[in-house]
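target.cif (mmCIF, C-alpha atoms) appears below.
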data_structure
#
loop_
_atom_site.group_PDB
_atom_site.id
_atom_site.type_symbol
_atom_site.label_atom_id
_atom_site.label_comp_id
_atom_site.auth_asym_id
_atom_site.auth_seq_id
_atom_site.Cartn_x
_atom_site.Cartn_y
_atom_site.Cartn_z
ATOM 1 C CA MET A 1 99.808 50.825 129.657
ATOM 2 C CA SER A 2 97.360 51.363 132.470
ATOM 3 C CA PRO A 3 96.089 54.834 133.377
ATOM 4 C CA ASN A 4 97.885 56.757 136.121
ATOM 5 C CA ILE A 5 95.083 56.162 138.601
ATOM 6 C CA LEU A 6 95.795 52.405 138.427
ATOM 7 C CA TRP A 7 99.544 52.827 138.881
ATOM 8 C CA GLN A 8 101.148 49.696 140.309
ATOM 9 C CA PRO A 9 104.187 50.565 142.468
ATOM 10 C CA SER A 10 107.201 48.285 142.471
ATOM 11 C CA THR A 11 108.370 46.529 145.646
ATOM 12 C CA THR A 12 110.854 49.321 146.349
ATOM 13 C CA GLN A 13 108.206 51.966 145.740
ATOM 14 C CA LYS A 14 105.783 50.146 148.047
ATOM 15 C CA CYS A 15 108.385 50.176 150.830
ATOM 16 C CA PHE A 16 108.937 53.889 150.281
ATOM 17 C CA LEU A 17 105.189 54.615 150.291
ATOM 18 C CA THR A 18 104.683 52.600 153.473
ATOM 19 C CA ALA A 19 107.468 54.503 155.218
ATOM 20 C CA ALA A 20 106.066 57.812 153.945
ATOM 21 C CA CYS A 21 102.611 56.939 155.308
ATOM 22 C CA PHE A 22 104.108 56.134 158.727
ATOM 23 C CA VAL A 23 106.037 59.417 158.772
ATOM 24 C CA LEU A 24 102.963 61.409 157.729
ATOM 25 C CA ILE A 25 100.828 59.758 160.409
ATOM 26 C CA ASP A 26 103.458 60.606 163.025
ATOM 27 C CA LEU A 27 103.567 64.241 161.876
ATOM 28 C CA ILE A 28 99.770 64.502 162.029
ATOM 29 C CA ALA A 29 99.794 63.021 165.536
ATOM 30 C CA ARG A 30 102.407 65.571 166.624
ATOM 31 C CA LEU A 31 100.326 68.399 165.126
ATOM 32 C CA HIS A 32 97.293 67.027 166.935
ATOM 33 C CA TYR A 33 99.202 67.046 170.233
ATOM 34 C CA VAL A 34 100.644 70.536 169.775
ATOM 35 C CA THR A 35 97.306 72.135 168.925
ATOM 36 C CA GLY A 36 95.320 70.112 171.457
ATOM 37 C CA PHE A 37 91.556 69.783 171.267
ATOM 38 C CA ALA A 38 91.074 73.382 170.156
ATOM 39 C CA TYR A 39 91.732 72.498 166.506
ATOM 40 C CA GLU A 40 90.482 69.494 164.604
ATOM 41 C CA PHE A 41 93.151 67.849 162.436
ATOM 42 C CA ASN A 42 91.862 64.271 162.679
ATOM 43 C CA SER A 43 90.589 64.312 159.098
ATOM 44 C CA LEU A 44 94.206 64.539 157.923
ATOM 45 C CA TYR A 45 94.712 60.934 159.020
ATOM 46 C CA THR A 46 92.621 59.889 156.025
ATOM 47 C CA LEU A 47 95.319 60.940 153.545
ATOM 48 C CA PRO A 48 97.957 58.276 154.376
ATOM 49 C CA LEU A 49 95.197 55.720 154.970
ATOM 50 C CA LEU A 50 93.676 56.308 151.532
ATOM 51 C CA VAL A 51 97.117 56.124 149.896
ATOM 52 C CA SER A 52 97.842 52.807 151.609
ATOM 53 C CA ALA A 53 94.399 51.426 150.697
ATOM 54 C CA TRP A 54 94.791 52.367 147.027
ATOM 55 C CA CYS A 55 98.453 51.610 146.355
ATOM 56 C CA LEU A 56 99.661 49.061 148.919
ATOM 57 C CA GLY A 57 98.971 45.420 149.604
ATOM 58 C CA ASN A 58 96.752 44.126 152.390
ATOM 59 C CA ILE A 59 99.550 43.542 154.912
ATOM 60 C CA ALA A 60 101.064 47.018 154.475
ATOM 61 C CA CYS A 61 97.578 48.525 154.610
ATOM 62 C CA VAL A 62 96.765 46.749 157.895
ATOM 63 C CA CYS A 63 100.102 47.826 159.404
ATOM 64 C CA THR A 64 99.458 51.442 158.403
ATOM 65 C CA THR A 65 95.966 51.319 159.904
ATOM 66 C CA VAL A 66 97.148 49.804 163.190
ATOM 67 C CA PHE A 67 99.926 52.395 163.457
ATOM 68 C CA CYS A 68 97.439 55.203 162.787
ATOM 69 C CA LEU A 69 95.006 53.975 165.429
ATOM 70 C CA ALA A 70 97.824 53.545 167.962
ATOM 71 C CA GLU A 71 99.231 57.034 167.327
ATOM 72 C CA TRP A 72 95.768 58.567 167.493
ATOM 73 C CA ALA A 73 94.969 56.849 170.807
ATOM 74 C CA TYR A 74 98.401 57.622 172.286
ATOM 75 C CA THR A 75 97.975 61.320 171.414
ATOM 76 C CA ASP A 76 94.585 61.346 173.160
ATOM 77 C CA ILE A 77 96.238 59.864 176.265
ATOM 78 C CA ARG A 78 99.023 62.462 176.205
ATOM 79 C CA LEU A 79 96.486 65.293 175.923
ATOM 80 C CA ASP A 80 94.947 63.990 179.167
ATOM 81 C CA GLY A 81 91.450 65.249 178.441
ATOM 82 C CA GLY A 82 88.087 63.615 178.680
ATOM 83 C CA GLN A 83 89.026 61.304 175.823
ATOM 84 C CA SER A 84 91.978 59.798 177.713
ATOM 85 C CA GLY A 85 89.876 57.646 180.058
ATOM 86 C CA LEU A 86 89.811 53.915 179.443
ATOM 87 C CA LEU A 87 86.179 53.659 178.353
ATOM 88 C CA PRO A 88 86.211 56.688 175.989
ATOM 89 C CA LEU A 89 89.563 55.548 174.593
ATOM 90 C CA VAL A 90 88.310 52.045 173.835
ATOM 91 C CA CYS A 91 85.037 53.350 172.408
ATOM 92 C CA ASN A 92 86.707 55.990 170.213
ATOM 93 C CA THR A 93 89.402 53.628 168.943
ATOM 94 C CA THR A 94 86.804 50.968 168.091
ATOM 95 C CA THR A 95 84.671 53.506 166.228
ATOM 96 C CA ARG A 96 87.683 54.775 164.335
ATOM 97 C CA ALA A 97 88.773 51.220 163.462
ATOM 98 C CA VAL A 98 85.330 50.330 162.092
ATOM 99 C CA THR A 99 85.096 53.546 160.068
ATOM 100 C CA ILE A 100 88.614 53.214 158.674
ATOM 101 C CA GLY A 101 88.040 49.536 157.893
ATOM 102 C CA CYS A 102 84.874 50.295 155.919
ATOM 103 C CA VAL A 103 86.594 53.051 153.948
ATOM 104 C CA ILE A 104 89.570 50.815 153.130
ATOM 105 C CA VAL A 105 87.341 47.950 151.977
ATOM 106 C CA LEU A 106 85.364 50.316 149.740
ATOM 107 C CA MET A 107 88.573 51.791 148.293
ATOM 108 C CA LYS A 108 90.009 48.387 147.484
ATOM 109 C CA ARG A 109 86.756 47.234 145.888
ATOM 110 C CA LEU A 110 86.626 50.420 143.827
ATOM 111 C CA ARG A 111 90.177 49.901 142.603
ATOM 112 C CA ARG A 112 89.451 46.265 141.800
ATOM 113 C CA ALA A 113 86.379 47.270 139.801
ATOM 114 C CA LEU A 114 88.310 49.941 137.892
ATOM 115 C CA GLN A 115 91.108 47.459 137.182
ATOM 116 C CA GLN A 116 88.574 44.936 135.899
ATOM 117 C CA GLU A 117 87.000 47.522 133.627
ATOM 118 C CA TRP A 118 90.424 48.528 132.315
ATOM 119 C CA ASP A 119 91.370 44.901 131.651
ATOM 120 C CA ASN A 120 88.052 44.280 129.905
ATOM 121 C CA SER A 121 88.652 47.268 127.637
ATOM 122 C CA ARG A 122 91.878 45.647 126.412
ATOM 123 C CA GLN A 123 90.958 41.982 126.479
ATOM 124 C CA ASP A 124 88.732 39.786 124.363
ATOM 125 C CA LEU A 125 86.474 38.205 126.977
ATOM 126 C CA LEU A 126 85.765 35.021 125.017
ATOM 127 C CA SER A 127 89.331 33.973 124.157
ATOM 128 C CA GLY A 128 91.256 35.747 126.916
ATOM 129 C CA LEU A 129 93.594 37.256 124.305
ATOM 130 C CA TRP A 130 94.141 40.965 123.729
ATOM 131 C CA ASN A 131 91.513 42.672 121.616
ATOM 132 C CA ARG A 132 92.016 44.651 118.401
ATOM 133 C CA ARG A 133 92.157 48.015 120.170
ATOM 134 C CA TYR A 134 94.970 47.044 122.518
ATOM 135 C CA PHE A 135 96.770 45.095 119.792
ATOM 136 C CA LEU A 136 97.011 48.234 117.674
ATOM 137 C CA GLU A 137 97.980 50.388 120.656
ATOM 138 C CA LEU A 138 100.732 48.156 122.026
ATOM 139 C CA GLY A 139 101.750 46.998 118.556
ATOM 140 C CA ALA A 140 102.615 50.584 117.611
ATOM 141 C CA THR A 141 104.929 50.736 120.639
ATOM 142 C CA ILE A 142 106.596 47.464 119.659
ATOM 143 C CA LEU A 143 107.173 48.694 116.108
ATOM 144 C CA THR A 144 108.689 51.940 117.373
ATOM 145 C CA PHE A 145 111.110 49.944 119.524
ATOM 146 C CA ALA A 146 111.965 47.607 116.643
ATOM 147 C CA LYS A 147 112.572 50.528 114.285
ATOM 148 C CA ARG A 148 114.809 52.279 116.810
ATOM 149 C CA HIS A 149 116.944 49.151 117.297
ATOM 150 C CA ASP A 150 116.854 47.929 113.659
ATOM 151 C CA LEU A 151 115.081 44.693 114.573
ATOM 152 C CA PRO A 152 113.171 42.584 112.049
ATOM 153 C CA VAL A 153 109.481 42.097 112.742
ATOM 154 C CA THR A 154 107.101 39.455 111.416
ATOM 155 C CA MET A 155 103.391 40.212 111.288
ATOM 156 C CA ALA A 156 101.052 37.220 111.032
ATOM 157 C CA PHE A 157 97.345 37.319 110.198
ATOM 158 C CA MET A 158 95.496 34.061 110.953
ATOM 159 C CA ASP A 159 91.998 32.990 109.947
ATOM 160 C CA LEU A 160 90.111 29.774 110.751
ATOM 161 C CA ASP A 161 88.887 27.821 107.721
ATOM 162 C CA ARG A 162 85.281 26.533 107.771
ATOM 163 C CA PHE A 163 84.588 28.074 111.166
ATOM 164 C CA LYS A 164 81.162 29.299 110.026
ATOM 165 C CA GLU A 165 80.262 25.718 109.202
ATOM 166 C CA VAL A 166 80.864 24.715 112.829
ATOM 167 C CA ASN A 167 78.689 27.570 114.078
ATOM 168 C CA ASP A 168 75.893 26.712 111.664
ATOM 169 C CA THR A 169 75.872 22.941 112.212
ATOM 170 C CA LEU A 170 77.046 22.458 115.817
ATOM 171 C CA GLY A 171 75.883 25.722 117.368
ATOM 172 C CA HIS A 172 77.490 28.878 118.685
ATOM 173 C CA ALA A 173 78.334 27.291 122.044
ATOM 174 C CA VAL A 174 80.595 24.806 120.254
ATOM 175 C CA GLY A 175 81.971 27.643 118.147
ATOM 176 C CA ASP A 176 82.888 29.574 121.297
ATOM 177 C CA ASP A 177 84.568 26.470 122.733
ATOM 178 C CA LEU A 178 86.494 26.096 119.488
ATOM 179 C CA LEU A 179 87.737 29.697 119.660
ATOM 180 C CA ARG A 180 88.893 29.205 123.255
ATOM 181 C CA THR A 181 90.718 26.026 122.248
ATOM 182 C CA VAL A 182 92.487 27.807 119.389
ATOM 183 C CA ALA A 183 93.375 30.761 121.616
ATOM 184 C CA ALA A 184 94.869 28.443 124.248
ATOM 185 C CA ALA A 185 96.963 26.649 121.618
ATOM 186 C CA MET A 186 98.214 29.958 120.216
ATOM 187 C CA ARG A 187 99.001 31.356 123.650
ATOM 188 C CA ALA A 188 101.072 28.280 124.480
ATOM 189 C CA HIS A 189 102.878 28.394 121.130
ATOM 190 C CA PHE A 190 103.958 32.021 120.804
ATOM 191 C CA ARG A 191 106.843 33.513 122.771
ATOM 192 C CA TYR A 192 106.452 35.779 125.775
ATOM 193 C CA GLU A 193 107.687 38.765 123.771
ATOM 194 C CA ASP A 194 105.199 38.184 120.937
ATOM 195 C CA LEU A 195 101.946 40.134 120.896
ATOM 196 C CA LEU A 196 98.907 37.969 120.172
ATOM 197 C CA ALA A 197 95.304 39.130 119.765
ATOM 198 C CA ARG A 198 91.898 38.102 118.518
ATOM 199 C CA LEU A 199 90.871 40.819 116.105
ATOM 200 C CA GLY A 200 87.281 39.664 115.876
ATOM 201 C CA GLY A 201 85.256 36.681 114.710
ATOM 202 C CA ASP A 202 87.673 33.908 113.718
ATOM 203 C CA GLU A 203 90.575 36.257 112.931
ATOM 204 C CA PHE A 204 93.771 36.401 114.973
ATOM 205 C CA ALA A 205 96.998 38.355 114.594
ATOM 206 C CA ALA A 206 100.471 38.232 116.087
ATOM 207 C CA ILE A 207 103.484 40.528 116.058
ATOM 208 C CA MET A 208 106.797 38.727 116.472
ATOM 209 C CA PRO A 209 109.620 41.220 117.111
ATOM 210 C CA GLY A 210 113.127 40.060 116.263
ATOM 211 C CA MET A 211 111.747 37.179 114.182
ATOM 212 C CA THR A 212 113.345 36.609 110.779
ATOM 213 C CA ALA A 213 111.440 35.165 107.838
ATOM 214 C CA GLN A 214 113.074 31.735 108.182
ATOM 215 C CA ASP A 215 112.336 31.464 111.906
ATOM 216 C CA ALA A 216 108.803 32.749 111.398
ATOM 217 C CA GLN A 217 108.209 30.155 108.674
ATOM 218 C CA THR A 218 109.182 27.335 111.019
ATOM 219 C CA ARG A 219 107.201 28.654 113.978
ATOM 220 C CA LEU A 220 104.019 29.397 112.050
ATOM 221 C CA GLU A 221 104.049 26.050 110.235
ATOM 222 C CA SER A 222 104.393 24.386 113.636
ATOM 223 C CA LEU A 223 101.432 26.400 114.908
ATOM 224 C CA ARG A 224 99.312 25.323 111.965
ATOM 225 C CA ASP A 225 100.115 21.686 112.734
ATOM 226 C CA LYS A 226 99.195 22.129 116.395
ATOM 227 C CA ILE A 227 95.879 23.732 115.518
ATOM 228 C CA ARG A 228 95.082 20.883 113.137
ATOM 229 C CA GLU A 229 95.892 18.324 115.867
ATOM 230 C CA ALA A 230 93.667 20.135 118.381
ATOM 231 C CA MET A 231 90.807 20.255 115.863
ATOM 232 C CA ASP A 232 91.210 16.570 114.937
ATOM 233 C CA GLN A 233 91.004 15.570 118.603
ATOM 234 C CA ARG A 234 87.581 17.231 118.876
ATOM 235 C CA ARG A 235 86.533 16.198 115.351
ATOM 236 C CA TRP A 236 86.047 19.772 114.273
ATOM 237 C CA PRO A 237 86.491 20.336 110.500
ATOM 238 C CA VAL A 238 88.568 23.471 110.988
ATOM 239 C CA THR A 239 92.045 24.357 109.774
ATOM 240 C CA LEU A 240 94.164 27.489 109.872
ATOM 241 C CA SER A 241 95.207 29.786 107.033
ATOM 242 C CA ILE A 242 98.071 32.141 107.806
ATOM 243 C CA GLY A 243 99.342 35.146 105.932
ATOM 244 C CA ALA A 244 102.575 36.644 107.195
ATOM 245 C CA VAL A 245 104.942 39.416 106.203
ATOM 246 C CA SER A 246 108.462 39.470 107.574
ATOM 247 C CA PHE A 247 109.730 43.044 107.645
ATOM 248 C CA VAL A 248 113.505 43.289 107.474
ATOM 249 C CA VAL A 249 113.003 47.034 107.786
ATOM 250 C CA VAL A 250 110.004 48.373 109.690
ATOM 251 C CA GLU A 251 108.205 50.920 107.548
ATOM 252 C CA GLY A 252 104.721 52.345 107.854
ATOM 253 C CA GLY A 253 102.347 52.110 110.781
ATOM 254 C CA ILE A 254 100.747 49.212 112.561
ATOM 255 C CA GLU A 255 97.565 49.430 110.482
ATOM 256 C CA ASP A 256 99.574 49.203 107.257
ATOM 257 C CA MET A 257 101.421 46.121 108.474
ATOM 258 C CA VAL A 258 98.218 44.393 109.572
ATOM 259 C CA SER A 259 96.639 45.140 106.184
ATOM 260 C CA ALA A 260 99.673 43.733 104.397
ATOM 261 C CA ALA A 261 99.514 40.483 106.385
ATOM 262 C CA ASP A 262 95.742 40.314 105.868
ATOM 263 C CA ALA A 263 96.215 40.550 102.093
ATOM 264 C CA VAL A 264 98.750 37.700 102.191
ATOM 265 C CA MET A 265 96.306 35.608 104.251
ATOM 266 C CA TYR A 266 93.772 35.902 101.419
ATOM 267 C CA GLU A 267 96.460 34.504 99.119
ATOM 268 C CA ALA A 268 96.607 31.465 101.399
ATOM 269 C CA LYS A 269 92.819 31.155 101.237
ATOM 270 C CA ALA A 270 92.829 31.437 97.455
ATOM 271 C CA ALA A 271 95.563 28.784 97.169
ATOM 272 C CA GLY A 272 93.354 26.203 98.886
ATOM 273 C CA ARG A 273 93.279 27.104 102.609
ATOM 274 C CA ASP A 274 95.062 25.261 105.433
ATOM 275 C CA ARG A 275 98.402 26.719 104.500
ATOM 276 C CA LEU A 276 100.951 29.420 105.276
ATOM 277 C CA VAL A 277 101.987 32.094 102.795
ATOM 278 C CA LEU A 278 104.860 34.296 103.921
ATOM 279 C CA HIS A 279 106.336 37.300 102.123
ATOM 280 C CA THR A 280 109.364 39.358 103.007
ATOM 281 C CA TYR A 281 109.681 43.131 102.910
ATOM 282 C CA PRO A 282 111.539 44.490 101.125
ATOM 283 C CA PRO A 283 111.148 41.596 98.652
ATOM 284 C CA ALA A 284 114.208 39.465 98.021
ATOM 285 C CA PRO A 285 115.929 40.348 94.733
ATOM 286 C CA ALA A 286 115.130 38.066 91.803
ATOM 287 C CA ALA A 287 117.771 35.463 91.026
#
Give the structure from the file, written as structure tokens.
Amino acid sequence: MSPNILWQPSTTQKCFLTAACFVLIDLIARLHYVTGFAYEFNSLYTLPLLVSAWCLGNIACVCTTVFCLAEWAYTDIRLDGGQSGLLPLVCNTTTRAVTIGCVIVLMKRLRRALQQEWDNSRQDLLSGLWNRRYFLELGATILTFAKRHDLPVTMAFMDLDRFKEVNDTLGHAVGDDLLRTVAAAMRAHFRYEDLLARLGGDEFAAIMPGMTAQDAQTRLESLRDKIREAMDQRRWPVTLSIGAVSFVVVEGGIEDMVSAADAVMYEAKAAGRDRLVLHTYPPAPAA
């Protein structure tokens, strides 16, 4: 979840905010007219303009700005002072438009930069997948939801076999390309509701809410085949070992579940690599 400062309003909320900005601008213009030139309330116009620049899209922001400039100029005309002449009116409105435009551009660039920093803090820049930090954060939320609704959850821990050999013999640039290829294959294979991340190095993990052991077995075996095909096409000697635990009942925290799947992955490595080992929890009763 993004911080409050980067709140993204829905379409309905954007319509409400746009209307609120128009109403506020009109109220400020009325206050400006009632008090005349004796009191300076022009700085209050910045409030709705800053809100529109930060929260609204470009079209709504332009409409708010144009409405503000029009109300401001119309109030000057109604006050019938030295500012109501044609030349002062054009000059003042142009100056205001340039100033407001610069402020809006700076605000939007600031928000874009903050959004980029926030995304980078959650995303692995090489693969484009979520990073370990965000995986653990959002994964805890998914497990809470699954526990509340008695949903099964499968945790998969995936490790690339012989990846170090590619780095050592073909170079790190090829290794990075390999990781991006694997990440793209995984992203295309998992469901929208699954949470997929690169935990670091050549290790990946996925949480599959609502996924039973049988369904997880089929899906993960299919993933392993797709990774092998992608590696064979590029003639990379890399395969995928997967350790998975299908939790009929969600118990413990996200770290415990990741550790459990990691331990099962090492079973797959010890059994000869390029394979899937899946356990269920609680274990099925012995026959």
- Item | Selection as a PyMOL selection string: residues within 12 Å of (102.5, 25.2, 111.0), counting all atoms listed in the file | chain A and resi 158+186+189+215-229+239-243+274-278
- Task: Determine the residue membership of the PyMOL selection byres ((chain A and resi 108-111) around 10) for the file above and supply it as a ChimeraX atom specification.
- Result: /A:5-6,50,52-58,103-107,112-117
Using all atoms of region 227-243 of chain A that appear in the file, construct an axis-aligned enclosing box with 5 Å of padding on every side and provide its centre coordinates and edge lengths in Å, rounded to one decimal, as lines of an AutoDock Vina configuration file.
center_x = 92.7
center_y = 25.4
center_z = 112.4
size_x = 23.3
size_y = 29.6
size_z = 22.9
- Message: So that I can check the surroundings of region 21-27 of chain A, please list as a PyMOL selection string every protein, DNA and RNA residue that reaches within 12 Å of it, counting all atoms listed in the file and ignoring chain neighbours fewer than 6 positions away.
- Response: chain A and resi 14-15+33-34+41-53+55-56+60-72+74-75
- Residues around (88.8, 37.9, 122.8), cut-off 12 Å, counting only C-alpha atoms - what are they as a PyMOL selection string? chain A and resi 119-135+176+179-180+182-184+196-205
- Query: What does the PyMOL selection byres ((chain A and resi 279-282) around 9) select in this file, as a VMD selection string?
  - Reply: chain A and resid 154 213 243 to 250 261 264 277 to 278 283 to 285
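Residue nearest Thr169 (chain A) within the list A:Pro237, A:Ala146, A:Asp256, A:Thr181: A:Pro237 [criterion: smallest interatomic distance, only C-alpha atoms].
Take CA of Gly101 (chain A) and CA of Thr18 (chain A): the distance between them is 17.5 Å.
Each of A:Ala206, A:Leu178, A:Met155, A:Cys91 was checked against Gln233 (chain A) using all atoms listed in the file; the smallest atom-to-atom distance is that of A:Leu178.
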- Between CA of Pro209 (chain A) and CA of Arg187 (chain A), what is the spacing in Å? 15.9 Å
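The gap separating CA of Gly253 (chain A) from CA of Gly139 (chain A) is 9.3 Å, in Å to one decimal.
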- Query: For the file shown, what are the residues hit by the PyMOL selection byres ((chain A and resi 194) around 9), laid out as a PyMOL selection string?
  - Reply: chain A and resi 190-193+195-196+206-209
- Counting all atoms listed in the file, the option among A:Ala260, A:Arg96, A:Thr11, A:Ile254 closest to Glu137 (chain A): A:Ile254
